[in-house]
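Undergrad: My structure file data-v7.cif, mmCIF, C-alpha atoms, is below:
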data_input
loop_
_atom_site.label_atom_id
_atom_site.label_comp_id
_atom_site.auth_asym_id
_atom_site.auth_seq_id
_atom_site.Cartn_x
_atom_site.Cartn_y
_atom_site.Cartn_z
CA MET A 1 18.34 -4.66 -18.01
CA SER A 2 18.59 -1.35 -19.84
CA SER A 3 15.44 0.68 -20.35
CA ARG A 4 13.91 0.46 -23.79
CA ASP A 5 13.70 3.45 -26.12
CA GLN A 6 10.20 4.75 -26.88
CA PHE A 7 8.43 7.20 -29.15
CA THR A 8 8.01 10.49 -27.27
CA SER A 9 4.59 11.31 -28.76
CA LYS A 10 1.62 9.76 -30.51
CA ILE A 11 2.17 11.95 -33.57
CA GLY A 12 5.81 10.82 -33.73
CA PHE A 13 4.67 7.18 -33.79
CA ILE A 14 1.96 7.85 -36.40
CA LEU A 15 4.39 9.71 -38.68
CA ALA A 16 7.01 6.96 -38.34
CA ALA A 17 4.46 4.20 -39.02
CA ALA A 18 2.98 6.18 -41.92
CA GLY A 19 6.49 6.74 -43.24
CA SER A 20 7.07 3.00 -43.20
CA SER A 21 4.02 2.37 -45.37
CA ILE A 22 4.35 5.48 -47.55
CA GLY A 23 7.29 4.52 -49.70
CA LEU A 24 7.89 3.38 -53.24
CA GLY A 25 4.54 1.59 -53.09
CA ALA A 26 2.59 4.83 -52.76
CA ILE A 27 4.63 7.15 -54.97
CA TRP A 28 6.31 4.87 -57.53
CA LYS A 29 4.09 1.79 -57.77
CA PHE A 30 0.60 3.24 -57.15
CA PRO A 31 0.64 5.68 -60.12
CA TYR A 32 1.79 3.09 -62.63
CA MET A 33 -0.59 0.45 -61.27
CA ALA A 34 -3.48 2.92 -61.54
CA GLY A 35 -2.24 4.01 -64.95
CA THR A 36 -2.24 0.48 -66.36
CA ASN A 37 -5.52 -0.59 -64.73
CA GLY A 38 -8.00 2.07 -65.73
CA GLY A 39 -7.37 4.78 -63.13
CA SER A 40 -10.57 5.56 -61.21
CA VAL A 41 -11.95 2.02 -60.77
CA PHE A 42 -8.57 0.76 -59.56
CA ILE A 43 -8.31 3.70 -57.13
CA PHE A 44 -11.82 3.06 -55.77
CA LEU A 45 -11.06 -0.63 -55.19
CA PHE A 46 -7.68 0.24 -53.66
CA ILE A 47 -9.33 2.49 -51.06
CA LEU A 48 -11.95 -0.16 -50.18
CA CYS A 49 -9.31 -2.88 -49.85
CA THR A 50 -7.06 -0.69 -47.71
CA PHE A 51 -9.75 -0.09 -45.09
CA PHE A 52 -11.50 -3.48 -45.09
CA ILE A 53 -8.58 -5.87 -45.65
CA GLY A 54 -5.23 -4.19 -44.94
CA LEU A 55 -6.30 -2.05 -41.96
CA PRO A 56 -7.49 -4.99 -39.77
CA VAL A 57 -4.08 -6.67 -40.14
CA LEU A 58 -2.33 -3.36 -39.39
CA ILE A 59 -4.38 -3.04 -36.18
CA ALA A 60 -3.47 -6.63 -35.30
CA GLU A 61 0.25 -5.85 -35.65
CA PHE A 62 -0.15 -2.74 -33.49
CA MET A 63 -1.94 -4.84 -30.84
CA ILE A 64 0.76 -7.52 -30.75
CA GLY A 65 3.60 -5.01 -30.59
CA ARG A 66 2.09 -2.61 -28.07
CA ARG A 67 1.00 -5.49 -25.81
CA GLY A 68 4.42 -7.15 -25.96
CA GLN A 69 6.64 -4.03 -25.56
CA LYS A 70 9.49 -6.12 -26.96
CA ASP A 71 10.98 -7.01 -30.33
CA ALA A 72 8.80 -9.19 -32.59
CA VAL A 73 10.42 -12.52 -31.63
CA THR A 74 10.31 -11.90 -27.87
CA SER A 75 6.76 -10.50 -28.07
CA PHE A 76 5.47 -13.76 -29.54
CA LYS A 77 7.53 -15.90 -27.15
CA GLU A 78 6.13 -14.11 -24.10
CA GLN A 79 2.53 -13.88 -25.36
CA ALA A 80 2.46 -17.49 -26.61
CA PRO A 81 4.94 -19.38 -24.38
CA GLY A 82 5.93 -22.77 -25.64
CA LYS A 83 4.31 -22.18 -29.03
CA PRO A 84 6.08 -21.68 -32.38
CA TRP A 85 4.39 -18.32 -33.12
CA TYR A 86 7.73 -16.53 -32.59
CA PHE A 87 8.81 -17.80 -36.01
CA ILE A 88 6.61 -14.97 -37.37
CA GLY A 89 9.17 -12.58 -35.90
CA TRP A 90 12.17 -14.39 -37.35
CA GLY A 91 10.44 -14.71 -40.72
CA GLY A 92 9.56 -11.02 -40.69
CA MET A 93 13.16 -10.09 -39.97
CA ILE A 94 14.47 -12.19 -42.87
CA ILE A 95 11.84 -10.93 -45.32
CA ALA A 96 12.38 -7.31 -44.24
CA GLY A 97 16.13 -7.68 -44.77
CA LEU A 98 15.59 -9.18 -48.23
CA ILE A 99 13.13 -6.44 -49.17
CA LEU A 100 15.62 -3.80 -48.04
CA SER A 101 18.34 -5.49 -50.09
CA PHE A 102 16.54 -4.68 -53.37
CA TYR A 103 14.65 -1.65 -52.04
CA SER A 104 18.03 0.01 -51.48
CA VAL A 105 18.80 -0.56 -55.17
CA VAL A 106 15.79 1.54 -56.17
CA GLY A 107 16.73 4.04 -53.46
CA GLY A 108 20.08 4.29 -55.17
CA TRP A 109 18.44 5.03 -58.52
CA ILE A 110 16.55 7.88 -56.84
CA LEU A 111 19.83 9.25 -55.49
CA SER A 112 21.29 9.08 -59.02
CA TYR A 113 18.37 11.05 -60.46
CA LEU A 114 18.38 13.53 -57.59
CA GLY A 115 22.11 14.13 -57.96
CA ARG A 116 21.78 14.70 -61.69
CA SER A 117 18.78 16.96 -61.16
CA ILE A 118 20.51 19.13 -58.55
CA THR A 119 23.63 19.50 -60.73
CA PHE A 120 21.55 20.20 -63.88
CA HIS A 121 22.82 17.05 -65.60
CA LEU A 122 19.47 15.30 -65.90
CA ASN A 123 18.57 17.09 -69.11
CA SER A 124 21.91 16.18 -70.70
CA SER A 125 20.19 13.07 -72.00
CA ASN A 126 18.56 15.24 -74.69
CA GLY A 127 15.16 13.99 -73.72
CA ASN A 128 16.02 10.30 -74.16
CA TYR A 129 15.18 9.31 -70.59
CA ALA A 130 14.69 5.65 -71.45
CA ASP A 131 18.37 5.40 -72.40
CA LEU A 132 19.38 7.40 -69.33
CA PHE A 133 17.47 5.05 -67.03
CA SER A 134 18.98 2.02 -68.79
CA ASN A 135 22.50 3.44 -68.46
CA ILE A 136 22.08 4.17 -64.74
CA ILE A 137 20.74 0.75 -63.76
CA SER A 138 23.18 -1.17 -65.98
CA SER A 139 26.36 0.61 -64.83
CA PRO A 140 28.00 -1.72 -62.27
CA PHE A 141 29.98 1.03 -60.54
CA GLU A 142 27.14 3.55 -60.27
CA ALA A 143 24.47 0.98 -59.34
CA VAL A 144 26.49 -0.40 -56.42
CA LEU A 145 27.82 3.02 -55.34
CA VAL A 146 24.42 4.66 -55.02
CA GLN A 147 22.96 1.54 -53.41
CA GLY A 148 25.72 1.80 -50.80
CA LEU A 149 25.06 5.52 -50.25
CA PHE A 150 21.37 4.84 -49.72
CA MET A 151 22.13 2.10 -47.18
CA LEU A 152 24.60 4.44 -45.44
CA LEU A 153 21.84 7.03 -45.00
CA THR A 154 19.50 4.35 -43.63
CA VAL A 155 22.07 3.02 -41.16
CA VAL A 156 22.95 6.50 -39.84
CA ILE A 157 19.30 7.22 -39.00
CA VAL A 158 18.57 3.82 -37.41
CA SER A 159 21.80 3.81 -35.38
CA ALA A 160 20.67 7.06 -33.71
CA GLY A 161 17.76 5.23 -32.06
CA ILE A 162 14.00 5.77 -31.87
CA LYS A 163 13.81 9.29 -30.40
CA GLY A 164 17.02 10.66 -31.88
CA GLY A 165 16.87 8.90 -35.24
CA ILE A 166 13.65 7.36 -36.51
CA GLU A 167 11.16 9.68 -34.78
CA LYS A 168 13.19 12.82 -35.50
CA ALA A 169 13.67 11.91 -39.18
CA SER A 170 10.00 11.02 -39.62
CA THR A 171 8.66 14.13 -37.89
CA TRP A 172 10.38 16.45 -40.35
CA MET A 173 10.43 14.27 -43.46
CA MET A 174 6.70 13.45 -43.45
CA PRO A 175 5.39 17.05 -43.13
CA LEU A 176 7.84 18.13 -45.84
CA LEU A 177 6.52 15.27 -47.95
CA PHE A 178 3.00 16.68 -47.72
CA ILE A 179 4.13 20.28 -48.35
CA PHE A 180 6.17 19.35 -51.42
CA PHE A 181 3.32 17.25 -52.75
CA ILE A 182 0.85 20.14 -52.41
CA VAL A 183 3.25 22.41 -54.34
CA LEU A 184 3.59 19.83 -57.12
CA VAL A 185 -0.15 19.13 -57.24
CA ILE A 186 -0.92 22.86 -57.64
CA ARG A 187 1.62 23.10 -60.46
CA SER A 188 0.26 20.02 -62.19
CA LEU A 189 -3.39 21.09 -61.90
CA THR A 190 -2.68 24.51 -63.44
CA LEU A 191 -1.53 22.98 -66.74
CA ASP A 192 -3.72 23.32 -69.82
CA GLY A 193 -5.44 19.98 -70.34
CA ALA A 194 -4.95 18.85 -66.73
CA MET A 195 -8.66 18.06 -66.42
CA GLU A 196 -8.18 14.89 -68.49
CA GLY A 197 -5.93 13.56 -65.76
CA ILE A 198 -8.53 14.40 -63.11
CA LYS A 199 -11.20 12.57 -65.11
CA PHE A 200 -8.90 9.57 -65.47
CA MET A 201 -8.55 9.41 -61.67
CA PHE A 202 -12.10 10.15 -60.58
CA VAL A 203 -14.57 9.43 -63.40
CA PRO A 204 -15.13 5.65 -63.44
CA ASP A 205 -14.57 3.57 -66.55
CA TRP A 206 -16.60 0.54 -65.47
CA SER A 207 -15.10 -1.64 -68.20
CA TYR A 208 -12.15 -2.11 -65.82
CA LEU A 209 -14.35 -3.46 -63.02
CA ASN A 210 -13.27 -7.09 -63.17
CA ALA A 211 -11.55 -9.74 -61.07
CA GLU A 212 -8.06 -8.88 -62.36
CA THR A 213 -8.35 -5.20 -61.41
CA PHE A 214 -9.75 -6.14 -58.01
CA LEU A 215 -6.87 -8.52 -57.28
CA LYS A 216 -4.28 -5.94 -58.31
CA ALA A 217 -5.95 -3.28 -56.15
CA LEU A 218 -6.07 -5.78 -53.27
CA GLY A 219 -2.37 -6.51 -53.61
CA GLN A 220 -1.46 -2.81 -53.84
CA ALA A 221 -3.53 -1.94 -50.76
CA PHE A 222 -2.14 -4.80 -48.76
CA PHE A 223 1.52 -4.33 -49.50
CA SER A 224 1.47 -0.53 -49.37
CA LEU A 225 0.69 -0.75 -45.62
CA SER A 226 3.91 -2.70 -44.86
CA VAL A 227 2.02 -5.46 -43.06
CA GLY A 228 3.19 -9.06 -42.89
CA ILE A 229 6.84 -8.54 -41.99
CA ALA A 230 6.40 -7.54 -38.31
CA VAL A 231 7.67 -4.01 -38.98
CA MET A 232 4.54 -2.53 -37.43
CA ILE A 233 4.82 -4.94 -34.48
CA THR A 234 8.30 -3.56 -33.91
CA TYR A 235 7.23 0.09 -34.14
CA ALA A 236 4.19 -0.45 -31.88
CA SER A 237 6.45 -2.05 -29.25
CA TYR A 238 7.96 1.41 -28.71
CA LEU A 239 4.48 2.85 -28.05
CA SER A 240 3.11 3.68 -24.60
CA LYS A 241 0.32 1.34 -23.47
CA SER A 242 -1.93 4.35 -22.93
CA GLU A 243 -2.13 5.15 -26.66
CA LYS A 244 -5.20 4.07 -28.65
CA ILE A 245 -3.92 1.89 -31.46
CA GLY A 246 -7.16 1.77 -33.47
CA ASN A 247 -7.12 5.50 -34.14
CA SER A 248 -3.40 5.42 -34.93
CA ALA A 249 -3.90 2.62 -37.47
CA ILE A 250 -6.76 4.50 -39.17
CA ASN A 251 -4.55 7.60 -39.36
CA VAL A 252 -1.70 5.60 -40.94
CA ALA A 253 -4.02 3.98 -43.51
CA SER A 254 -5.61 7.34 -44.32
CA MET A 255 -2.24 9.05 -44.79
CA ASN A 256 -1.16 6.24 -47.10
CA ILE A 257 -4.26 6.74 -49.26
CA ILE A 258 -3.86 10.54 -49.28
CA ILE A 259 -0.22 10.36 -50.39
CA SER A 260 -1.11 7.81 -53.08
CA LEU A 261 -3.85 10.12 -54.40
CA LEU A 262 -1.53 13.14 -54.26
CA ALA A 263 1.05 11.18 -56.27
CA GLY A 264 -1.64 10.53 -58.87
CA LEU A 265 -2.63 14.22 -58.88
CA VAL A 266 0.99 15.18 -59.53
CA ILE A 267 1.54 12.69 -62.33
CA PHE A 268 -1.69 12.11 -64.28
CA PRO A 269 -2.74 15.74 -65.03
CA ALA A 270 0.80 16.48 -66.25
CA VAL A 271 0.98 13.26 -68.28
CA PHE A 272 -2.34 13.96 -70.04
CA ALA A 273 -1.70 17.70 -70.45
CA LEU A 274 1.55 17.06 -72.30
CA GLY A 275 0.26 14.31 -74.57
CA TYR A 276 1.61 11.18 -72.91
CA THR A 277 -0.36 8.07 -71.95
CA PRO A 278 -0.62 6.83 -68.35
CA ASP A 279 -0.04 3.14 -69.08
CA GLN A 280 3.76 3.31 -69.05
CA GLY A 281 4.32 0.77 -66.30
CA PRO A 282 7.25 0.92 -63.84
CA GLY A 283 9.10 3.47 -65.99
CA LEU A 284 6.40 6.10 -65.40
CA VAL A 285 8.37 7.92 -62.68
CA PHE A 286 11.90 7.46 -64.06
CA ILE A 287 11.28 7.82 -67.80
CA ILE A 288 8.01 9.67 -68.44
CA LEU A 289 8.02 12.11 -65.52
CA PRO A 290 11.37 13.77 -66.35
CA ALA A 291 10.16 14.22 -69.95
CA VAL A 292 6.97 15.81 -68.63
CA PHE A 293 8.74 18.22 -66.27
CA GLU A 294 11.25 19.14 -68.97
CA GLN A 295 8.45 20.84 -70.89
CA LEU A 296 7.26 22.96 -67.94
CA PRO A 297 8.46 26.41 -66.84
CA LEU A 298 10.78 25.83 -63.87
CA GLY A 299 10.45 22.13 -64.68
CA GLY A 300 13.93 21.35 -63.40
CA LEU A 301 13.07 22.80 -59.99
CA PHE A 302 9.83 20.86 -59.73
CA LEU A 303 11.51 17.63 -60.84
CA THR A 304 14.18 18.10 -58.15
CA ILE A 305 11.44 18.62 -55.56
CA PHE A 306 9.76 15.43 -56.74
CA PHE A 307 12.89 13.31 -56.35
CA VAL A 308 13.63 14.83 -52.92
CA LEU A 309 10.09 13.82 -52.01
CA LEU A 310 10.52 10.32 -53.38
CA LEU A 311 13.79 9.98 -51.45
CA PHE A 312 12.07 10.99 -48.21
CA ALA A 313 9.34 8.42 -48.73
CA THR A 314 11.84 5.70 -49.58
CA VAL A 315 14.08 6.42 -46.58
CA THR A 316 11.19 6.41 -44.08
CA SER A 317 10.33 2.92 -45.37
CA SER A 318 13.90 1.63 -45.40
CA ILE A 319 14.58 2.64 -41.79
CA SER A 320 11.56 0.62 -40.64
CA MET A 321 12.89 -2.48 -42.40
CA LEU A 322 16.35 -2.13 -40.88
CA GLU A 323 14.78 -1.39 -37.47
CA ILE A 324 13.12 -4.82 -37.19
CA VAL A 325 16.50 -6.48 -37.84
CA VAL A 326 18.20 -4.27 -35.25
CA ALA A 327 15.42 -4.64 -32.65
CA ILE A 328 15.54 -8.45 -32.75
CA ALA A 329 19.33 -8.57 -32.74
CA ILE A 330 19.82 -6.22 -29.76
CA GLY A 331 17.01 -7.68 -27.63
CA ASP A 332 17.15 -5.98 -24.22
CA LYS A 333 20.61 -4.47 -24.80
CA PRO A 334 19.97 -1.10 -26.51
CA GLU A 335 23.61 -0.12 -26.02
CA LYS A 336 24.38 -2.46 -28.94
CA ARG A 337 22.15 -0.49 -31.35
CA LYS A 338 24.89 1.34 -33.27
CA LYS A 339 27.07 -1.73 -33.70
CA ILE A 340 24.17 -3.93 -34.83
CA ALA A 341 22.80 -1.24 -37.16
CA TRP A 342 26.14 -1.03 -38.96
CA ILE A 343 26.65 -4.81 -39.09
CA GLY A 344 23.06 -5.38 -40.30
CA GLY A 345 23.32 -2.57 -42.84
CA ILE A 346 26.58 -3.91 -44.29
CA ILE A 347 25.20 -7.47 -44.55
CA ILE A 348 22.02 -6.26 -46.28
CA PHE A 349 24.10 -4.09 -48.63
CA ILE A 350 26.22 -7.11 -49.61
CA VAL A 351 23.12 -9.28 -50.10
CA GLY A 352 21.69 -6.55 -52.35
CA ILE A 353 24.70 -6.25 -54.66
CA PRO A 354 23.52 -9.07 -57.01
CA SER A 355 20.16 -7.26 -57.32
CA ALA A 356 21.99 -4.01 -58.13
CA LEU A 357 24.00 -5.80 -60.82
CA SER A 358 21.04 -7.76 -62.25
CA PHE A 359 20.36 -5.09 -64.90
CA GLY A 360 23.98 -5.07 -66.05
CA ILE A 361 26.73 -7.66 -65.76
CA LEU A 362 24.40 -10.20 -64.08
CA SER A 363 21.48 -9.60 -66.46
CA ASP A 364 21.84 -13.11 -67.92
CA VAL A 365 21.49 -14.78 -64.52
CA LYS A 366 17.90 -16.01 -64.11
CA ILE A 367 16.05 -17.73 -61.26
CA LEU A 368 12.64 -19.16 -62.27
CA ASP A 369 13.09 -17.13 -65.46
CA LEU A 370 13.35 -13.93 -63.39
CA SER A 371 16.26 -11.55 -62.94
CA ILE A 372 17.86 -11.61 -59.47
CA PHE A 373 16.16 -8.30 -58.59
CA ASN A 374 12.73 -9.50 -59.74
CA PHE A 375 13.17 -12.89 -58.04
CA VAL A 376 13.90 -11.31 -54.65
CA ASP A 377 10.91 -9.00 -55.21
CA PHE A 378 8.71 -12.02 -56.06
CA LEU A 379 10.02 -14.09 -53.12
CA THR A 380 9.26 -11.35 -50.58
CA ASN A 381 6.11 -9.70 -51.96
CA SER A 382 4.32 -12.74 -53.38
CA ILE A 383 5.36 -15.40 -50.86
CA GLY A 384 6.96 -14.00 -47.69
CA MET A 385 4.64 -11.10 -46.90
CA PRO A 386 1.34 -12.93 -47.51
CA ILE A 387 2.43 -15.87 -45.33
CA GLY A 388 3.51 -13.50 -42.56
CA ALA A 389 0.29 -11.49 -42.73
CA LEU A 390 -1.83 -14.65 -42.75
CA MET A 391 -0.09 -15.91 -39.60
CA ILE A 392 -0.51 -12.51 -37.90
CA SER A 393 -4.22 -12.39 -38.73
CA ILE A 394 -4.71 -15.96 -37.42
CA PHE A 395 -2.76 -15.18 -34.23
CA ALA A 396 -4.78 -12.02 -33.49
CA GLY A 397 -8.09 -13.48 -34.65
CA TYR A 398 -7.87 -16.95 -33.10
CA TYR A 399 -5.03 -17.24 -30.54
CA TYR A 400 -5.94 -14.05 -28.70
CA THR A 401 -9.13 -14.44 -26.70
CA LYS A 402 -11.92 -12.03 -27.52
CA ASP A 403 -11.49 -10.39 -24.10
CA ILE A 404 -7.77 -9.74 -24.69
CA SER A 405 -8.44 -8.17 -28.07
CA ARG A 406 -11.30 -6.07 -26.71
CA LYS A 407 -9.10 -4.77 -23.87
CA GLU A 408 -6.18 -3.98 -26.18
CA LEU A 409 -8.29 -2.14 -28.75
CA ALA A 410 -10.28 -0.23 -26.13
CA THR A 411 -12.82 0.98 -28.65
CA SER A 412 -16.61 0.93 -29.06
CA SER A 413 -18.43 -2.40 -29.28
CA LEU A 414 -19.46 -1.67 -32.88
CA MET A 415 -15.91 -0.90 -34.06
CA PHE A 416 -14.51 -3.89 -32.19
CA ASN A 417 -17.06 -6.29 -33.68
CA ILE A 418 -16.36 -5.01 -37.20
CA TRP A 419 -12.60 -5.49 -36.70
CA TYR A 420 -13.14 -8.93 -35.17
CA ILE A 421 -15.16 -10.18 -38.15
CA LEU A 422 -12.67 -8.71 -40.63
CA ILE A 423 -9.56 -10.15 -38.94
CA ARG A 424 -11.06 -13.63 -38.49
CA TYR A 425 -12.73 -14.07 -41.87
CA VAL A 426 -12.26 -11.33 -44.47
CA SER A 427 -8.52 -10.58 -44.21
CA PRO A 428 -7.32 -14.23 -44.12
CA ILE A 429 -9.38 -15.13 -47.20
CA ALA A 430 -8.14 -12.04 -49.07
CA ILE A 431 -4.55 -12.84 -48.10
CA LEU A 432 -4.93 -16.39 -49.40
CA ILE A 433 -6.26 -14.99 -52.69
CA ILE A 434 -3.23 -12.69 -53.00
CA PHE A 435 -0.90 -15.57 -52.14
CA ILE A 436 -2.43 -17.95 -54.69
CA GLN A 437 -2.38 -15.23 -57.33
CA GLY A 438 1.24 -14.50 -56.51
CA ILE A 439 2.50 -18.06 -56.82
CA LEU A 440 0.49 -19.01 -59.93
CA PRO A 441 3.40 -17.97 -62.23
CA LEU A 442 5.43 -20.82 -60.68
CA PHE A 443 3.08 -23.37 -62.21
CA LYS A 444 2.86 -21.93 -65.73
#
Mind turning this structure into structure tokens?

TA:
Amino acid sequence: MSSRDQFTSKIGFILAAAGSSIGLGAIWKFPYMAGTNGGSVFIFLFILCTFFIGLPVLIAEFMIGRRGQKDAVTSFKEQAPGKPWYFIGWGGMIIAGLILSFYSVVGGWILSYLGRSITFHLNSSNGNYADLFSNIISSPFEAVLVQGLFMLLTVVIVSAGIKGGIEKASTWMMPLLFIFFIVLVIRSLTLDGAMEGIKFMFVPDWSYLNAETFLKALGQAFFSLSVGIAVMITYASYLSKSEKIGNSAINVASMNIIISLLAGLVIFPAVFALGYTPDQGPGLVFIILPAVFEQLPLGGLFLTIFFVLLLFATVTSSISMLEIVVAIAIGDKPEKRKKIAWIGGIIIFIVGIPSALSFGILSDVKILDLSIFNFVDFLTNSIGMPIGALMISIFAGYYYTKDISRKELATSSLMFNIWYILIRYVSPIAILIIFIQGILPLFK
């Protein structure tokens, strides 16, 4: 049996795991969710939900992976012999592949914007960024081409392995992410009128404190941590058994919150300072932000930096989703990594083509009254991930004995008891709420 690749350092693991969770959810989705749900109250609830609902499940995934030291399927088979828990691993692999199939479409859009920004063609739209966005996503050739380029980038990194690919990419992409964000935040905060954006983020408007805002914040917190698809089980399996997983999980959750807040500090002060409104929905980054930067001195440079940043965040998430597929497929034969990475990447690319075309030539094709892209998004985020996370929380909270969990966490009695209560009672109930909320549209 060939020896298994491992992360060479704790910081390498933390940056890779943080990179998995800090993706489109933190930089693309968080600002528009906050913008359409009252800002500060949504942000406050998001932070609470991240630590008290998402974090316990993240710790559970770290425990399962680090204890198993194998891919997600084998980890469950060996830790629960003769039981069907290993289907969590297979389900996670399928859901991760489906997520990557449409995630790569958005990654392609980012490449399109970045390419236009670098070559000074982004402003050729004469300020009509809504039409530009529509043209990019509806062009069959461009949509599929850039989706393929994004998948190519993902495959190249994953095929290089843990130390030479994923860890190396994460350890330079994530620090650059923070540096670029600080530069953009400083620029945004120095605009006249930026204080309105700060107030929007941090001065509560309690009229938004309701069940709907809470559920949306709960969903955002939960899904932004990449739990429920065994990605974090896979990453933790490459972690030395001497590492403390509780601290690592807290670091990952904290970094996710910090990046989300930095994204808000880049976008909202600029949006308010230049007379726009924050409730623009998913088009906030692709339609409103270019219009905002266009009006700033050196705006083209700062917009390019932003899309480089967004690309980094998206790639660090996409490599984690391809990694779970590769890890399960290669088993204990790491010499097959490159071959499997390419085969898996090509299959996922092909599966994603209908999603890429769903804004153009396949725009009339509907499933449950949803476009192909939105249906795959709904299937994975509203059904697949909650089911996976619920099973993981039940496995860690009820199948593991209390002694096993205590030994794996190796933390203080107080911290362990808090986690134990959260993973057994709070997280499962919250996950069920998210799941029910997610599937309600099916019955309307």

Undergrad: Which residues are close to region 100-109 of chain A, i.e. within 7 Å by all atoms listed in the file, leaving aside same-chain residues fewer than 6 positions away? Reply as a PyMOL selection string.

TA: chain A and resi 143+146-147+150-151+311+314+318+321+348-349+351-352+355-356+373

Undergrad: Within 10 Å of region 196-203 of chain A, which residues of region 14-132 of chain A come that close, and what is the closest atom pair and distance in Å for each? Count all atoms listed in the file and give it as CSV.

TA:
residue,atom,partner,partner_atom,distance
A:Ala34,CA,A:Met201,CA,8.2
A:Gly35,CA,A:Phe200,CA,8.7
A:Gly38,CA,A:Phe200,CA,7.6
A:Gly39,CA,A:Met201,CA,5.0
A:Ser40,CA,A:Met201,CA,4.4
A:Val41,CA,A:Phe202,CA,8.1
A:Phe42,CA,A:Met201,CA,8.9
A:Ile43,CA,A:Met201,CA,7.3
A:Phe44,CA,A:Phe202,CA,8.6

Undergrad: Which neighbours of region 93-95 of chain A fall inside 9 Å, counting only C-alpha atoms, when residues of the same chain fewer than 3 positions from it are skipped, and could you give them as a ChimeraX atom specification?

TA: /A:72,88-90,98-100,229-231,321-322,324-325,328,379-381,384-385

Undergrad: Given the PyMOL selection byres ((chain A and resi 183) around 12) and the file above, list the residues it selects as a PyMOL selection string.

TA: chain A and resi 176-182+184-190+262-263+265-266+301-303+305-306+309

Undergrad: Run the PyMOL selection byres ((chain A and resi 442) around 12) mentally over the shown coordinates, then write out the matched residues as a ChimeraX atom specification, using the chain letters and numbers from the document.

TA: /A:367-370,375,378-379,382-383,435-441,443-444

Undergrad: Translate the PyMOL selection byres ((chain A and resi 217) around 8) into a concrete residue list for this structure, as a PyMOL selection string.

TA: chain A and resi 42-43+45-46+49+213-216+218-221

Undergrad: Around (-3.3, 2.5, -37.4) in the file's frame, which residues reach within 9 Å when counting only C-alpha atoms? Return as a list in words?

TA: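 Residues close enough to count: Ile14, Ala17, Ala18, Leu55, Pro56, Leu58, Ile59, Phe62, Ile245, Gly246, Asn247, Ser248, Ala249, Ile250, Asn251, Val252, Ala253 and Ser254 of chain A.
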
Undergrad: Could you tell me which of A:Leu414, A:Ile287, A:Ile64, A:Leu409 comes closest to Leu122 (chain A) if we count only C-alpha atoms?

TA: A:Ile287

Undergrad: Taking all atoms of region 43-50 of chain A that appear in the file, build a box with edges along x, y and z, extend it by 4 Å on every side, and state its centre and edge lengths in Å to one decimal, as AutoDock Vina command-line options.

TA:
--center_x -9.5 --center_y 0.4 --center_z -52.4 --size_x 12.9 --size_y 14.6 --size_z 17.4

Undergrad: Given the choices A:Ala16, A:Leu284, A:Ile257, A:Ile431, which gets closest to Ala130 (chain A) if the distance is worked out from all atoms listed in the file?

TA: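 When distances to Ala130 (chain A) are compared using all atoms listed in the file, the smallest one comes from A:Leu284.
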
Undergrad: One decimal, in Å: what's the spacing between CA of Ile233 (chain A) and CA of Ile330 (chain A)?

TA: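 We find that CA of Ile233 (chain A) and CA of Ile330 (chain A) lie 15.8 Å from each other.
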
Undergrad: Would you mind telling me which residue in A:Phe13, A:Phe272, A:Phe307, A:Trp85 lies nearest to Ser393 (chain A) when using all atoms listed in the file?

TA: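 Using all atoms listed in the file, the shortest distance to Ser393 (chain A) belongs to A:Trp85.
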
Undergrad: When you draw a straight line from CA of Gln69 (chain A) to CA of Gly331 (chain A), how long is it in Å?

TA: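 Computing it gives 11.2 Å between the two atoms.
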
Undergrad: Excluding Tyr420 (chain A) and its own-chain neighbours fewer than 5 positions away, which residues fall within 9 Å of it when counting only C-alpha atoms? Please give them as a short mmCIF file (atom, residue, chain, number, x, y, z; two decimals) with C-alpha atoms, in the coordinates of the input.

TA:
data_model
loop_
_atom_site.label_atom_id
_atom_site.label_comp_id
_atom_site.auth_asym_id
_atom_site.auth_seq_id
_atom_site.Cartn_x
_atom_site.Cartn_y
_atom_site.Cartn_z
CA PRO A 56 -7.49 -4.99 -39.77
CA GLY A 397 -8.09 -13.48 -34.65
CA LYS A 402 -11.92 -12.03 -27.52
CA SER A 405 -8.44 -8.17 -28.07
CA MET A 415 -15.91 -0.90 -34.06
CA TYR A 425 -12.73 -14.07 -41.87
#

Undergrad: Considering all atoms listed in the file, state which residue in the set A:Ser317, A:Ser363, A:Ser159, A:Ser224 is at the smallest distance from Pro334 (chain A).

TA: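 When distances to Pro334 (chain A) are compared using all atoms listed in the file, the smallest one comes from A:Ser159.
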
Undergrad: With distances taken over all atoms listed in the file, which of A:Val73, A:Ala341, A:Leu357, A:Ile423 is nearest to Gly97 (chain A)?

TA: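 Closest to Gly97 (chain A), using all atoms listed in the file: A:Ala341.
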
Undergrad: Write out as a PyMOL selection string each polymer residue whose atoms come within 10 Å of Arg406 (chain A), counting only C-alpha atoms; drop sequence neighbours fewer than 6 positions from it.

TA: chain A and resi 400+412-413+416-417+420

Undergrad: For the residues selected in the previous step, produce a file with C-alpha atoms as a PDB file, in the frame of the given file.

TA:
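In the end it all went to selection12.pdb:
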ATOM      1  CA  TYR A 400      -5.940 -14.050 -28.700  1.00  0.00           C
ATOM      2  CA  SER A 412     -16.610   0.930 -29.060  1.00  0.00           C
ATOM      3  CA  SER A 413     -18.430  -2.400 -29.280  1.00  0.00           C
ATOM      4  CA  PHE A 416     -14.510  -3.890 -32.190  1.00  0.00           C
ATOM      5  CA  ASN A 417     -17.060  -6.290 -33.680  1.00  0.00           C
ATOM      6  CA  TYR A 420     -13.140  -8.930 -35.170  1.00  0.00           C
TER       7      TYR A 420
END
